[in-house]
$ cat work-v2.cif   # mmCIF, C-alpha atoms
data_protein
#
loop_
_atom_site.label_atom_id
_atom_site.label_comp_id
_atom_site.auth_asym_id
_atom_site.auth_seq_id
_atom_site.Cartn_x
_atom_site.Cartn_y
_atom_site.Cartn_z
CA MET F 126 124.46 90.39 105.01
CA THR F 127 120.87 91.45 105.17
CA LYS F 128 121.77 95.06 104.90
CA SER F 129 123.98 94.59 101.88
CA LEU F 130 121.23 92.61 100.16
CA GLY F 131 118.76 95.36 100.87
CA LEU F 132 121.12 98.02 99.62
CA SER F 133 121.96 96.27 96.37
CA GLY F 134 118.24 95.92 95.72
CA MET F 135 117.92 99.58 96.53
CA ARG F 136 120.68 100.50 94.12
CA LYS F 137 118.92 98.68 91.32
CA THR F 138 115.74 100.58 92.12
CA TRP F 139 117.64 103.83 91.90
CA GLN F 140 119.28 102.96 88.60
CA TRP F 141 115.91 102.04 87.23
CA ALA F 142 114.35 105.21 88.56
CA ALA F 143 117.18 107.39 87.27
CA SER F 144 117.02 105.97 83.75
CA GLY F 145 113.24 106.33 83.84
CA LEU F 146 113.53 109.98 84.79
CA LEU F 147 116.04 110.60 82.02
CA ALA F 148 113.69 109.07 79.48
CA LEU F 149 110.92 111.26 80.84
CA ALA F 150 112.96 114.41 80.51
CA CYS F 151 113.39 113.65 76.80
CA MET F 152 109.72 112.82 76.27
CA GLY F 153 108.49 115.85 78.16
CA GLY F 154 110.04 118.16 75.61
CA ALA F 155 108.39 116.36 72.72
CA LEU F 156 104.80 116.82 73.88
CA ALA F 157 103.07 119.71 72.18
CA GLU F 158 100.26 120.83 74.49
CA GLU F 159 101.01 119.84 78.05
CA ASN F 160 99.05 120.01 81.25
CA PRO F 161 101.03 122.11 83.74
CA HIS F 162 100.24 119.52 86.44
CA ASP F 163 101.28 116.63 84.24
CA PRO F 164 104.33 117.37 82.05
CA TYR F 165 105.03 113.64 81.42
CA GLU F 166 101.46 112.72 80.52
CA GLY F 167 102.36 110.55 77.53
CA PHE F 168 104.76 108.40 79.53
CA ASN F 169 102.38 108.30 82.50
CA ARG F 170 99.42 107.16 80.44
CA SER F 171 101.39 104.24 79.02
CA MET F 172 102.59 103.28 82.51
CA PHE F 173 98.99 103.57 83.71
CA ALA F 174 97.90 101.11 81.02
CA VAL F 175 100.59 98.64 82.16
CA HIS F 176 99.52 99.14 85.77
CA GLU F 177 95.87 98.44 84.97
CA VAL F 178 96.76 95.09 83.43
CA ILE F 179 98.98 94.04 86.36
CA ASP F 180 96.31 95.13 88.81
CA GLN F 181 93.49 93.38 87.00
CA TYR F 182 95.25 90.03 86.68
CA ALA F 183 97.56 89.87 89.69
CA VAL F 184 97.23 92.36 92.53
CA LYS F 185 93.48 92.97 92.69
CA PRO F 186 92.38 89.29 92.57
CA VAL F 187 94.70 88.45 95.48
CA ALA F 188 93.44 91.46 97.44
CA GLN F 189 89.84 90.41 96.78
CA VAL F 190 90.47 86.88 98.05
CA TYR F 191 92.18 88.29 101.15
CA ASP F 192 89.31 90.70 101.72
CA ASN F 193 86.70 87.94 101.42
CA VAL F 194 88.52 85.25 103.38
CA ALA F 195 90.19 87.13 106.25
CA PRO F 196 87.82 87.96 109.12
CA LEU F 197 87.67 91.59 110.23
CA PRO F 198 89.82 91.15 113.39
CA VAL F 199 92.60 89.63 111.26
CA LYS F 200 92.45 92.46 108.74
CA ALA F 201 92.42 95.03 111.54
CA GLY F 202 95.39 93.28 113.18
CA VAL F 203 97.35 93.32 109.92
CA GLY F 204 96.58 96.99 109.33
CA ASN F 205 97.52 97.86 112.91
CA PHE F 206 100.73 95.83 112.69
CA PHE F 207 102.01 97.69 109.63
CA GLY F 208 100.83 100.97 111.13
CA ASN F 209 102.92 100.24 114.21
CA VAL F 210 105.94 99.21 112.11
CA GLY F 211 105.71 102.57 110.36
CA ASP F 212 105.18 104.74 113.44
CA LEU F 213 108.91 105.15 114.22
CA TRP F 214 109.55 106.61 110.75
CA VAL F 215 106.40 108.73 111.04
CA GLY F 216 107.86 110.11 114.28
CA VAL F 217 111.22 110.85 112.64
CA ASN F 218 109.44 112.75 109.87
CA SER F 219 107.29 114.68 112.35
CA ALA F 220 110.53 115.75 114.07
CA LEU F 221 112.21 116.62 110.76
CA GLN F 222 109.24 118.90 110.04
CA GLY F 223 109.68 120.59 113.42
CA LYS F 224 106.52 119.02 114.91
CA PHE F 225 108.15 117.73 118.07
CA GLY F 226 104.87 117.32 119.94
CA ASP F 227 103.59 115.04 117.18
CA ALA F 228 106.89 113.17 117.18
CA GLY F 229 106.49 112.50 120.91
CA VAL F 230 102.99 111.16 120.30
CA ASP F 231 104.30 108.93 117.48
CA LEU F 232 106.99 107.44 119.74
CA GLY F 233 104.46 107.04 122.55
CA ARG F 234 102.24 105.14 120.12
CA LEU F 235 105.12 102.88 119.14
CA LEU F 236 105.90 102.10 122.79
CA VAL F 237 102.28 101.49 123.82
CA ASN F 238 101.29 99.46 120.79
CA SER F 239 104.46 97.34 120.70
CA THR F 240 103.92 96.30 124.33
CA VAL F 241 100.32 96.58 125.53
CA GLY F 242 99.13 96.25 121.93
CA ILE F 243 101.01 92.93 121.54
CA PHE F 244 103.55 93.68 118.79
CA GLY F 245 101.27 96.27 117.27
CA LEU F 246 98.36 93.94 116.52
CA PHE F 247 96.05 96.16 118.56
CA ASP F 248 96.01 99.94 118.27
CA VAL F 249 95.67 100.59 121.99
CA ALA F 250 97.32 104.00 121.60
CA SER F 251 94.41 105.37 119.53
CA GLU F 252 92.00 104.22 122.24
CA LEU F 253 94.11 106.19 124.70
CA GLY F 254 93.80 109.28 122.54
CA LEU F 255 97.27 109.16 120.98
CA GLU F 256 96.29 110.12 117.47
CA ARG F 257 97.86 108.41 114.47
CA HIS F 258 99.70 110.78 112.13
CA ASP F 259 100.33 110.51 108.46
CA GLU F 260 103.90 111.49 107.55
CA ASP F 261 106.53 110.35 105.09
CA PHE F 262 109.76 111.70 103.66
CA GLY F 263 108.08 113.20 100.60
CA GLN F 264 105.96 115.38 102.90
CA THR F 265 109.04 116.30 104.90
CA MET F 266 110.79 117.48 101.73
CA ALA F 267 107.66 119.44 100.76
CA VAL F 268 107.70 121.18 104.16
CA TRP F 269 111.38 121.97 103.57
CA GLY F 270 110.34 123.71 100.36
CA VAL F 271 111.11 121.06 97.74
CA ASP F 272 108.73 121.41 94.78
CA GLY F 273 106.68 118.41 93.62
CA GLY F 274 108.49 118.47 90.29
CA GLY F 275 105.79 117.02 88.02
CA TYR F 276 103.45 114.09 88.33
CA LEU F 277 104.52 110.51 87.58
CA PHE F 278 102.64 107.25 87.40
CA TRP F 279 104.53 104.03 88.17
CA PRO F 280 103.12 100.53 87.63
CA VAL F 281 102.18 98.80 90.95
CA ILE F 282 103.50 101.75 93.02
CA GLY F 283 100.97 104.12 91.49
CA SER F 284 100.92 107.92 91.63
CA ARG F 285 104.00 109.80 92.84
CA THR F 286 105.40 113.19 91.96
CA VAL F 287 109.13 113.32 91.16
CA ARG F 288 109.77 114.50 94.73
CA ASP F 289 107.57 111.81 96.21
CA THR F 290 109.18 109.09 94.09
CA PHE F 291 112.47 110.06 95.72
CA GLY F 292 110.78 110.31 99.13
CA TRP F 293 109.28 106.88 98.64
CA GLY F 294 112.78 105.47 98.02
CA VAL F 295 113.96 107.00 101.31
CA ASP F 296 110.87 105.64 103.10
CA LEU F 297 111.71 102.21 101.74
CA MET F 298 115.28 102.40 103.07
CA ALA F 299 113.95 103.38 106.49
CA ASP F 300 111.35 100.60 106.48
CA PRO F 301 111.97 98.19 109.40
CA VAL F 302 110.60 95.31 107.31
CA GLY F 303 113.66 95.66 105.05
CA TYR F 304 115.89 94.78 108.01
CA VAL F 305 114.21 91.49 108.85
CA ASP F 306 116.93 88.81 108.63
CA SER F 307 114.91 85.95 107.23
CA VAL F 308 114.34 86.48 103.52
CA PRO F 309 111.08 84.47 103.33
CA VAL F 310 109.65 86.37 106.31
CA ARG F 311 110.75 89.69 104.86
CA ASN F 312 109.23 88.97 101.46
CA SER F 313 106.03 87.63 103.01
CA LEU F 314 105.66 90.79 105.05
CA ARG F 315 106.21 92.96 101.97
CA GLY F 316 103.70 90.93 100.00
CA LEU F 317 101.14 91.05 102.78
CA ARG F 318 101.54 94.81 103.08
CA ILE F 319 100.84 95.31 99.36
CA VAL F 320 97.76 93.08 99.65
CA ASP F 321 96.59 94.95 102.77
CA ILE F 322 96.95 98.34 101.08
CA ARG F 323 95.26 97.14 97.89
CA ALA F 324 92.41 95.54 99.84
CA SER F 325 91.80 98.80 101.68
CA LEU F 326 91.33 100.52 98.30
CA LEU F 327 88.79 98.00 96.97
CA PRO F 328 85.68 100.02 97.97
CA ALA F 329 87.10 103.04 96.12
CA ASP F 330 87.46 101.08 92.86
CA LYS F 331 83.80 101.13 91.96
CA VAL F 332 83.43 104.81 92.78
CA VAL F 333 86.40 105.76 90.59
CA GLU F 334 85.19 103.51 87.73
CA GLU F 335 81.77 105.13 87.81
CA ALA F 336 82.61 108.71 88.67
CA ALA F 337 85.47 109.36 86.26
CA LEU F 338 85.09 110.64 82.71
CA ASP F 339 88.79 109.86 82.31
CA LYS F 340 90.02 107.40 84.92
CA TYR F 341 93.68 108.33 84.50
CA ALA F 342 92.99 112.05 85.03
CA TYR F 343 90.60 111.38 87.92
CA ILE F 344 93.23 109.36 89.80
CA ARG F 345 95.95 111.90 89.01
CA ASP F 346 93.96 114.87 90.29
CA ALA F 347 92.76 112.95 93.34
CA TYR F 348 96.38 112.07 94.18
CA LEU F 349 97.57 115.64 93.79
CA GLN F 350 94.74 116.96 95.98
CA ARG F 351 95.29 114.31 98.65
CA ARG F 352 99.02 114.95 98.71
CA ARG F 353 98.47 118.66 99.17
CA ASN F 354 96.11 117.88 102.03
CA GLN F 355 98.68 115.58 103.68
CA ILE F 356 101.46 118.15 103.37
CA PHE F 357 99.26 120.72 105.12
CA ASP F 358 98.17 118.12 107.71
CA GLY F 359 94.54 118.17 106.67
CA ARG F 360 94.14 121.95 106.56
CA PRO F 361 95.30 123.16 103.15
CA PRO F 362 94.69 126.81 102.28
CA ARG F 363 91.66 127.20 100.03
CA GLN F 364 92.18 127.67 96.34
CA ASP F 365 88.69 127.44 94.88
CA ASP F 366 88.29 130.40 92.60
CA TYR F 367 86.16 130.74 89.54
CA MET E 195 42.08 125.48 123.98
CA LYS E 196 45.20 126.09 125.98
CA LYS E 197 46.50 122.73 124.86
CA LEU E 198 45.82 123.54 121.26
CA ILE E 199 47.65 126.84 121.49
CA ALA E 200 50.55 125.11 123.23
CA LEU E 201 50.61 122.53 120.45
CA LEU E 202 50.56 125.18 117.73
CA PHE E 203 53.22 127.11 119.53
CA SER E 204 55.50 124.10 119.96
CA GLY E 205 55.05 123.31 116.28
CA PHE E 206 56.04 126.86 115.43
CA VAL E 207 59.12 126.69 117.64
CA ALA E 208 60.15 123.39 116.07
CA THR E 209 59.86 124.81 112.53
CA ALA E 210 61.85 127.87 113.48
CA ALA E 211 64.52 125.67 115.01
CA VAL E 212 64.83 123.65 111.82
CA ALA E 213 65.10 126.77 109.67
CA GLN E 214 67.91 128.09 111.82
CA GLU E 215 69.63 124.75 112.28
CA ALA E 216 73.36 125.37 112.58
CA PRO E 217 75.50 123.83 109.80
CA ASP E 218 77.30 121.35 112.07
CA VAL E 219 74.01 120.23 113.62
CA LEU E 220 72.54 119.81 110.15
CA VAL E 221 75.46 117.65 108.95
CA GLN E 222 75.31 115.47 112.05
CA ARG E 223 71.53 115.05 111.96
CA VAL E 224 71.40 114.13 108.26
CA THR E 225 74.41 111.78 108.54
CA GLU E 226 72.92 109.93 111.51
CA GLU E 227 69.48 109.70 109.91
CA VAL E 228 70.91 108.28 106.69
CA LEU E 229 73.25 105.80 108.40
CA GLU E 230 70.45 104.64 110.68
CA ILE E 231 68.41 103.76 107.61
CA VAL E 232 71.37 102.06 105.86
CA ARG E 233 72.09 99.98 108.97
CA HIS E 234 68.58 98.54 108.94
CA ASP E 235 68.07 98.17 105.20
CA LYS E 236 69.20 94.81 103.84
CA ASP E 237 68.52 95.86 100.22
CA ILE E 238 70.90 98.80 100.47
CA GLN E 239 73.55 96.66 102.14
CA ASN E 240 73.23 94.22 99.24
CA GLY E 241 73.91 97.06 96.81
CA SER E 242 70.47 98.12 95.60
CA THR E 243 71.29 101.26 93.60
CA ASN E 244 67.66 102.30 93.18
CA LYS E 245 66.92 102.14 96.86
CA VAL E 246 70.02 104.03 97.91
CA ILE E 247 69.42 106.75 95.28
CA ASP E 248 65.88 107.04 96.58
CA LEU E 249 67.21 107.53 100.11
CA VAL E 250 69.76 110.13 99.01
CA ASP E 251 67.09 111.93 96.97
CA LYS E 252 64.82 112.27 99.98
CA LYS E 253 67.26 112.87 102.82
CA VAL E 254 70.43 114.37 101.38
CA LEU E 255 69.72 116.29 98.18
CA PRO E 256 67.51 118.97 99.74
CA HIS E 257 70.63 120.14 101.59
CA PHE E 258 72.85 120.45 98.51
CA ASN E 259 73.36 123.38 96.15
CA PHE E 260 74.11 121.65 92.84
CA GLN E 261 74.37 124.82 90.79
CA HIS E 262 77.23 126.02 92.99
CA MET E 263 78.83 122.57 92.86
CA THR E 264 78.72 122.51 89.07
CA ALA E 265 80.15 126.02 88.83
CA LEU E 266 82.95 124.98 91.17
CA ALA E 267 83.65 121.85 89.12
CA LEU E 268 83.91 123.85 85.90
CA GLY E 269 86.00 126.68 87.28
CA LYS E 270 86.49 129.50 84.80
CA GLU E 271 84.77 127.50 82.03
CA TRP E 272 81.44 128.01 83.86
CA ARG E 273 81.16 131.58 82.57
CA LYS E 274 81.48 130.34 78.98
CA ALA E 275 78.17 128.49 79.37
CA ASN E 276 74.90 130.32 78.71
CA PRO E 277 72.09 130.03 81.28
CA GLN E 278 70.45 127.13 79.45
CA GLN E 279 73.75 125.25 79.19
CA GLN E 280 74.42 125.94 82.85
CA GLN E 281 71.08 124.38 83.68
CA GLN E 282 71.81 121.30 81.57
CA LEU E 283 75.28 120.95 83.06
CA THR E 284 73.88 121.17 86.57
CA ALA E 285 71.25 118.52 85.85
CA GLU E 286 73.74 116.06 84.31
CA PHE E 287 76.43 116.64 86.92
CA LYS E 288 73.88 116.15 89.68
CA THR E 289 72.82 112.81 88.21
CA LEU E 290 76.45 111.70 87.94
CA LEU E 291 77.37 112.69 91.50
CA VAL E 292 74.25 111.21 93.04
CA ARG E 293 74.63 107.91 91.21
CA THR E 294 78.31 107.40 91.86
CA TYR E 295 78.48 108.50 95.46
CA SER E 296 75.20 106.94 96.53
CA ASN E 297 76.77 103.64 95.62
CA ALA E 298 79.54 104.36 98.09
CA LEU E 299 76.90 104.22 100.83
CA THR E 300 76.16 100.59 100.00
CA SER E 301 79.67 99.65 101.14
CA TYR E 302 79.05 101.21 104.57
CA LYS E 303 79.63 98.56 107.21
CA ASN E 304 80.86 99.30 110.69
CA GLN E 305 82.60 102.63 110.28
CA LYS E 306 82.16 105.23 112.98
CA ILE E 307 81.64 108.91 112.19
CA VAL E 308 83.31 111.37 114.53
CA TYR E 309 82.22 115.01 114.41
CA LYS E 310 85.07 117.44 114.92
CA PRO E 311 84.67 120.50 117.15
CA PHE E 312 82.99 123.30 115.21
CA LYS E 313 83.18 127.03 115.70
CA MET E 314 81.64 129.82 113.67
CA ALA E 315 80.91 133.51 114.05
CA PRO E 316 77.21 134.49 113.87
CA ALA E 317 77.91 136.52 110.73
CA ASP E 318 79.60 133.66 108.83
CA THR E 319 77.91 132.64 105.59
CA ASP E 320 80.46 130.07 104.41
CA VAL E 321 81.76 127.37 106.74
CA LEU E 322 83.60 124.05 106.81
CA VAL E 323 82.17 121.21 108.90
CA ARG E 324 84.78 118.56 109.62
CA THR E 325 84.09 114.92 110.34
CA GLU E 326 86.16 111.76 110.38
CA VAL E 327 85.35 108.19 109.38
CA GLN E 328 87.02 105.66 111.65
CA GLN E 329 87.35 101.95 111.05
CA PRO E 330 89.43 99.31 112.79
CA GLY E 331 92.90 98.75 111.33
CA SER E 332 92.80 101.77 109.01
CA LYS E 333 93.85 105.36 109.27
CA PRO E 334 90.85 107.59 109.94
CA VAL E 335 89.52 109.23 106.79
CA GLN E 336 88.82 112.94 106.84
CA LEU E 337 85.35 113.84 105.51
CA ASP E 338 84.62 117.57 105.30
CA TYR E 339 81.62 119.53 104.04
CA SER E 340 81.66 123.11 102.79
CA LEU E 341 78.35 124.84 103.42
CA GLU E 342 76.96 128.24 102.50
CA LYS E 343 74.09 130.11 104.08
CA MET E 344 71.13 130.49 101.75
CA GLU E 345 67.53 131.54 102.13
CA GLY E 346 66.31 128.01 102.74
CA GLY E 347 69.02 127.27 105.31
CA TRP E 348 72.58 125.99 105.01
CA LYS E 349 73.47 124.13 101.80
CA VAL E 350 76.44 121.91 101.06
CA TYR E 351 78.45 122.93 97.98
CA ASP E 352 81.53 120.74 98.36
CA VAL E 353 82.37 117.38 99.89
CA VAL E 354 86.02 116.63 100.59
CA VAL E 355 87.17 113.05 101.28
CA ALA E 356 90.75 112.63 102.55
CA GLY E 357 91.53 116.04 101.12
CA ILE E 358 90.03 115.17 97.73
CA SER E 359 87.17 117.40 96.68
CA LEU E 360 84.61 115.27 94.87
CA VAL E 361 83.71 118.45 92.98
CA THR E 362 86.95 120.17 91.99
CA ASN E 363 88.49 116.81 91.14
CA TYR E 364 86.52 117.12 87.88
CA ARG E 365 87.98 120.46 86.87
CA ASP E 366 90.80 119.21 84.61
CA GLN E 367 88.61 116.51 83.04
CA PHE E 368 85.84 119.03 82.33
CA GLY E 369 88.35 121.56 81.02
CA GLN E 370 89.68 118.92 78.62
CA GLU E 371 86.16 118.13 77.38
CA VAL E 372 85.44 121.83 76.82
CA ARG E 373 88.70 122.22 74.84
CA ASN E 374 87.75 119.20 72.72
CA GLY E 375 84.08 119.88 72.04
CA GLY E 376 82.99 123.10 73.73
CA ILE E 377 80.39 123.34 76.49
CA ASP E 378 77.95 121.23 74.48
CA GLY E 379 80.62 118.57 74.11
CA LEU E 380 81.01 118.46 77.88
CA ILE E 381 77.25 118.21 78.41
CA ALA E 382 77.13 115.32 75.94
CA SER E 383 80.05 113.54 77.64
CA ILE E 384 78.47 113.66 81.09
CA ALA E 385 75.08 112.65 79.65
CA ASN E 386 76.69 109.67 77.88
CA LYS E 387 78.42 108.65 81.09
CA ASN E 388 75.10 108.78 82.94
CA LYS E 389 73.38 106.75 80.24
CA SER E 390 76.04 104.02 80.32
CA LEU E 391 75.88 103.86 84.14
CA GLU E 392 72.12 103.51 84.01
CA ALA E 393 72.35 100.79 81.34
CA ASN E 394 74.89 98.82 83.40
CA GLN E 395 72.76 99.05 86.47
CA LYS E 396 69.80 97.39 84.79
CA LYS E 397 71.82 94.28 84.02
#
$ encode --input "work-v2.cif" --output "structure tokens"
Amino acid sequence: MTKSLGLSGMRKTWQWAASGLLALACMGGALAEENPHDPYEGFNRSMFAVHEVIDQYAVKPVAQVYDNVAPLPVKAGVGNFFGNVGDLWVGVNSALQGKFGDAGVDLGRLLVNSTVGIFGLFDVASELGLERHDEDFGQTMAVWGVDGGGYLFWPVIGSRTVRDTFGWGVDLMADPVGYVDSVPVRNSLRGLRIVDIRASLLPADKVVEEAALDKYAYIRDAYLQRRRNQIFDGRPPRQDDY
Amino acid sequence: MKKLIALLFSGFVATAAVAQEAPDVLVQRVTEEVLEIVRHDKDIQNGSTNKVIDLVDKKVLPHFNFQHMTALALGKEWRKANPQQQQQLTAEFKTLLVRTYSNALTSYKNQKIVYKPFKMAPADTDVLVRTEVQQPGSKPVQLDYSLEKMEGGWKVYDVVVAGISLVTNYRDQFGQEVRNGGIDGLIASIANKNKSLEANQKK
């Protein structure tokens, strides 16, 4: 029952994504002078505007309340909990990229933190020197040689390339939270995770506001640089030439 | 007399040591000095922009090469600027970077900086010093500095946070401004941005 619910939701997401991509393909051709990194800029900028409104009136205020009200140990526990929930999938992706040593560490983290770390609330594994890795299916596809395929901006979800939008869908299907039986618990966990992620970005808000000449372009280029860094596990080849 | 000579000599050794300070030692020393001040300064913790800019001016800026940073931010457009424009660009970009990223220091709370192992050959003139910011409940954030060897010691020319260069992240935006209004248009845009930031701060 749970699974079928999750899958039907998933199917809707895909239909929505597929029709969105089709619309993009049409718009892309219409733009006269396009940025090679951003072929769907017109579409993306309108989505960015929608996102800004949703963030300003819904997501950010909730994240600010959470950030102010929740004491640090609670916030750390929440962050650790979702980190632990994700570690199995991180391990699978490490393995899919041929990094079997990393995958072993990821599984070790899952075991240690789920037990000694009391359901992942404490990141005991990091204290023991089992380093947390940052992997997802989009990175796995990149390692396999799949091209980014153009930058996209989605409301609420934010920046994703075409490849990473697809990867994100796969990550979502693999997400253990999606298999929680109780619907209220599942939805609460999903909501809490969004708030946790948004709250962790609050300090960056002011910097981006102040530093950017064009906020949309600043966020886009930061995303593309960060993604490249993740794909190369923090050691991307240099490309600064002028 | 002996004491005096010893004193002079030790002073000389200390100066020489500072001049030859290795890039990783430099990054660690400056980081620790700055954080030590932030930890004890209530005004900075409460978001005093003036005070934090003052701190950055004194402690951090002497170790940065802003001309190189500006050239890196502009990419191939840099060569389109004449020397006077290059000077103006450097001045405005410096103001922008200092103002925006000094403010980031005011949100420093209980993060821990970890210095990654560093290796360099004696002949190296361009190195990457890697550090990591750790805080409870979050993934560690990578914080790397590119430094080049210059006459006055090692100078930072790029700062990379979580893989995002705070310098090259401007390249497309600057390129767009140059396409719209030339180099002078870009100078004006950055200057306007600085003016509006300053005006907001006074409120």
$ resolve_selection --input "work-v2.cif" --expression "the PyMOL selection byres ((chain F) within 7 of (chain E))" --output "list in words"
Lys200, Ala201, Gly202, Gly204, Asn205, Pro328, Val332, Glu335, Ala336, Leu338, Asp339, Ala342, Tyr343, Asp346, Ala347, Gln350, Arg351, Asn354, Gly359, Asp366 and Tyr367 of chain F
$ atom_distance --input "work-v2.cif" --atom1 "CA of Lys274 in chain E" --atom2 "CA of Lys349 in chain E"
25.0 Å
$ atom_distance --input "work-v2.cif" --atom1 "CA of Thr290 in chain F" --atom2 "CA of Lys185 in chain F"
22.5 Å
$ residues_around --input "work-v2.cif" --residues "range 230-241 of chain F" --least-positions-apart "2" --cutoff "8 Å" --atoms "only C-alpha atoms" --output "list of chain:residue names"
F:Asn209, F:Val210, F:Asp212, F:Leu213, F:Val215, F:Gly216, F:Gly226, F:Asp227, F:Ala228, F:Ile243, F:Phe244, F:Gly245, F:Leu246, F:Phe247, F:Asp248, F:Val249, F:Ala250, F:Ser251, F:Leu255, F:Glu256, F:Arg257, F:His258
$ closest_residue --input "work-v2.cif" --among "F:Gln222, F:Gln181, F:Asn169, F:Ser284" --to "Tyr348 in chain F" --atoms "all atoms listed in the file"
F:Ser284
$ atom_distance --input "work-v2.cif" --atom1 "CA of Leu277 in chain F" --atom2 "CA of Gly294 in chain F"
14.2 Å
$ resolve_selection --input "work-v2.cif" --expression "the PyMOL selection byres ((chain E and resi 352) around 6)" --output "list in words"
Tyr339, Ser340, Val350, Tyr351 and Val353 of chain E
$ resolve_selection --input "work-v2.cif" --expression "the PyMOL selection byres ((chain F and resi 263-266) around 7)" --output "MDAnalysis selection string"
chainID F and resid 218 221:222 260:262 267:271 288:289 292:293 356
$ residues_around --input "work-v2.cif" --residues "Trp214 in chain F" --least-positions-apart "6" --cutoff "8 Å" --atoms "all atoms listed in the file" --output "list of chain:residue names"
F:Asp261, F:Asp296, F:Ala299, F:Asp300
$ residues_around --input "work-v2.cif" --residues "Val184 in chain F" --least-positions-apart "3" --cutoff "9 Å" --atoms "all atoms listed in the file" --output "PyMOL selection string"
chain F and resi 179-181+187-189+281+319-320+323
$ build_atoms --input "work-v2.cif" --residues "range 294-306 of chain E" --atoms "N, CA and C atoms" --output "CSV table (one decimal), in the coordinates of the input"
chain,number,residue,atom,x,y,z
E,294,THR,N,77.0,108.0,91.5
E,294,THR,CA,78.3,107.4,91.9
E,294,THR,C,78.5,107.4,93.4
E,295,TYR,N,78.2,108.5,94.0
E,295,TYR,CA,78.5,108.5,95.5
E,295,TYR,C,77.4,107.9,96.3
E,296,SER,N,76.2,107.7,95.8
E,296,SER,CA,75.2,106.9,96.5
E,296,SER,C,75.7,105.5,96.7
E,297,ASN,N,76.3,105.0,95.6
E,297,ASN,CA,76.8,103.6,95.6
E,297,ASN,C,77.8,103.4,96.7
E,298,ALA,N,78.5,104.5,97.0
E,298,ALA,CA,79.5,104.4,98.1
E,298,ALA,C,78.9,104.0,99.4
E,299,LEU,N,77.6,104.5,99.6
E,299,LEU,CA,76.9,104.2,100.8
E,299,LEU,C,76.6,102.7,101.0
E,300,THR,N,76.5,102.0,99.9
E,300,THR,CA,76.2,100.6,100.0
E,300,THR,C,77.3,99.8,100.6
E,301,SER,N,78.5,100.4,100.5
E,301,SER,CA,79.7,99.6,101.1
E,301,SER,C,79.9,100.0,102.6
E,302,TYR,N,79.0,100.8,103.1
E,302,TYR,CA,79.0,101.2,104.6
E,302,TYR,C,78.8,100.0,105.4
E,303,LYS,N,79.8,99.7,106.3
E,303,LYS,CA,79.6,98.6,107.2
E,303,LYS,C,79.6,98.9,108.7
E,304,ASN,N,80.8,99.0,109.2
E,304,ASN,CA,80.9,99.3,110.7
E,304,ASN,C,81.7,100.5,111.0
E,305,GLN,N,81.8,101.4,110.0
E,305,GLN,CA,82.6,102.6,110.3
E,305,GLN,C,81.9,103.5,111.3
E,306,LYS,N,82.7,104.3,112.0
E,306,LYS,CA,82.2,105.2,113.0
E,306,LYS,C,82.4,106.7,112.5
